[in-house]
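> Handing you this structure, nothing more for now.
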Amino acid sequence: MDILEEITEILAEILDIENNNISPETYLIRELGAESIDLLELAVALNSRFKIDVNDDEIFLRKLRQYVTEAEQQDKDILQYLAEKLPFLMHKRLEEIIADLEGGPTLRVKDLISYVERQRDGN
Amino acid sequence: MKFTGNRALILGGSCDLAITLAQCMIEAGLFPILTYRSEKGREYISENLKNCTKKYSSFYLEFGNHDSIDSLLQQIGDEIDFMVDFAQGNFESLVASADVDRIYSYFAENVSFRAEVVKRVARIMMKNKRGRLVFISSSAAVRPNPGQGFYAAAKLASEAIYKNLGLELGGHGITAITLRPGYIDSGRGGRFIRAHTHEVLNKVPIKRALTKKEVAETILFYLSDSATGFNATEISMDGGLTAGK
């Protein structure tokens, strides 16, 4: 089973939804309606399933808007600043996120996959 | 009494009450895991539970020391069914005369660090989809004497952490309560009672201090299946001390 399949299975169980409603592009909060208690359960399940440390603030991009504000206040390049703070996300994904900020919480399933991959590789 | 689970982490495990609880747990078929913060504490546990070898374990945990919680959780693994929290540093000072650095360190150790321990243990319990936590507070949390302001504040803050845990995770099989014992004839409290017998017992409607055995048995009850309806609440066990003026 690959990471996507495992995460899909976990999410389907926690949110009580069908697996086929979930793809890498799916938004966890905007589309699936995940609440804070669901995200906590998800963090615990990812830790248990993949044997990785999970920092809830990082994986769920909780400080994203704070980082954007900090970059603006410090007159820093936002993309570069985010890349330093959220090193598990690729440049292209960070661009997507910045363009998507107005639409609400940007967290997608593929961000979880990137986080798990990075933690598993020990980076 | 029936229990769902077996392994019980006891924080502050070298106090007399914790050791009495561990003995009650062993008799009830549970496996207590006691924490101590000094070699003296380890020896005290070992001496008092010498007839129970292999029926308990003990580990170092010092509130405020992050390495010690990492090490503890690594050693005991992902099997914690119960947690009873006796740990509490002592800090007696009038508010207006307290050392400022000590104020900060006291709350870091007795509130922030406790919150970290509760968080981490709760996440372990979430994996197992069950868990029961009992925080041992004190009637002094709601009825402090002069000099007990910081102790009371730390206890009340900790009670709030446990209460919210029960509120947030009750639906996930993890429940928590606070027990507020009054005067107990044990340890520091026992010495205080003996020094001020008349004055102390006069305030308690049942006219006696609690025994450590009865408090330990009460805690055991609150860990049992019959008591899981008690959640996210504080229970006074003080002989009526805090009920009247």
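Ordering of the structure tokens sets the chain letters (A, B, ...), residue numbers begin anew at 1 in every chain, and ligands are numbered from 1 in the order given.
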Run DSSP on the backbone of this structure and report the residues of segment 1-243 of chain B it assigns to alpha helix (DSSP H), as number ranges by chain.
B: 16-27, 39-48, 66-76, 100-107, 113-128, 149-169, 187-195, 197-202, 212-223
> Report as a Markdown table the residues of chain B within 8 Å of chain A, each with its shortest atom pair and distance in Å (one decimal), using only C-alpha atoms, ordered by chain and increasing residue number.

```
| residue | atom | partner | partner_atom | distance |
| --- | --- | --- | --- | --- |
| B:Arg123 | CA | A:Val44 | CA | 6.2 |
| B:Ile124 | CA | A:Val44 | CA | 7.9 |
| B:Met126 | CA | A:Val44 | CA | 7.0 |
| B:Lys127 | CA | A:Val44 | CA | 6.6 |
| B:Glu168 | CA | A:Ile37 | CA | 7.6 |
```
> Looking at only C-alpha atoms, which of B:Phe31, B:Phe63, B:Tyr183, B:Tyr162 is the one that sits closest to Ser139 of chain B?
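Going through B:Phe31, B:Phe63, B:Tyr183, B:Tyr162 one by one, the smallest distance to Ser139 of chain B is for B:Tyr183.
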> At a cut-off of 9 Å, using only C-alpha atoms, what residues contact Ala115 of chain B? Leave out same-chain residues fewer than 4 positions from it and give the result as a PDB file with C-alpha atoms, in the first residue's frame.

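To be explicit, this is the file written out as result-v5.pdb:
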```pdb
ATOM      1  CA  ASN B 110       4.064  22.424  37.374  1.00  0.00           C
ATOM      2  CA  VAL B 111       1.757  23.670  34.640  1.00  0.00           C
ATOM      3  CA  LYS B 119      -0.659  15.863  25.744  1.00  0.00           C
ATOM      4  CA  ARG B 120       1.806  13.077  25.016  1.00  0.00           C
ATOM      5  CA  SER B 158      -3.702  21.808  35.911  1.00  0.00           C
ATOM      6  CA  ILE B 161      -6.020  21.005  31.496  1.00  0.00           C
ATOM      7  CA  TYR B 162      -7.429  17.677  32.660  1.00  0.00           C
TER       8      TYR B 162
END
```
> Quick one: everything within 7 Å of segment 108-116 of chain A, counting only C-alpha atoms, minus sequence neighbours fewer than 5 positions away in the same chain. Send it as a list in words.
Ile3, Leu4, Ser23, Pro24, Glu25, Thr26, Tyr27, Leu28, Ile59, Phe88 and Leu89 of chain A
> Tell me which of B:Ile174, B:Cys15, B:Ile206, B:Ile219 sits closest to Ala243 of chain B, counting only C-alpha atoms.
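The answer is B:Ile206, which sits nearest to Ala243 of chain B.
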> When DSSP works through the backbone of this structure, what residues of segment 57-168 of chain B end up as strand (DSSP E or B), shown as number ranges by chain?
B: 57-60, 82-85, 131-136
> With only C-alpha atoms as the counted atoms, please give the residues lying no more than 9 Å from Tyr106 of chain B, apart from itself and same-chain residues fewer than 3 positions off, as a ChimeraX atom specification.
/B:89-91,101-103,109-111,150-151,154
> One decimal, Å: what's the distance from atom CA of Tyr67 of chain A over to atom CA of Gly103 of chain A, could you say?
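Atom CA of Tyr67 of chain A sits 17.3 Å away from atom CA of Gly103 of chain A.
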> Just want the 7 Å neighbourhood of Met237 of chain B, counted on only C-alpha atoms, with same-chain residues fewer than 5 positions away dropped. Output as an NGL selection string.
:B and (180-182)
> For each of A:Glu6, A:Glu13, A:Asp57, A:Glu18, take the minimum atom-to-atom distance to Asp38 of chain A, counting only C-alpha atoms, then give the residue where this is smallest.
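Answer, going by the shortest atom-to-atom distance: A:Glu13.
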> Please report the interatomic distance between atom CA of Gly41 of chain B and atom CA of Leu223 of chain B in Å with one decimal.
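Atom-to-atom, atom CA of Gly41 of chain B and atom CA of Leu223 of chain B are spaced 24.5 Å apart.
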> Tell me, in Å to one decimal, how far atom CA of Lys55 of chain B is from atom CA of Pro32 of chain B.
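Computing the Euclidean distance for atom CA of Lys55 of chain B and atom CA of Pro32 of chain B yields 7.6 Å.
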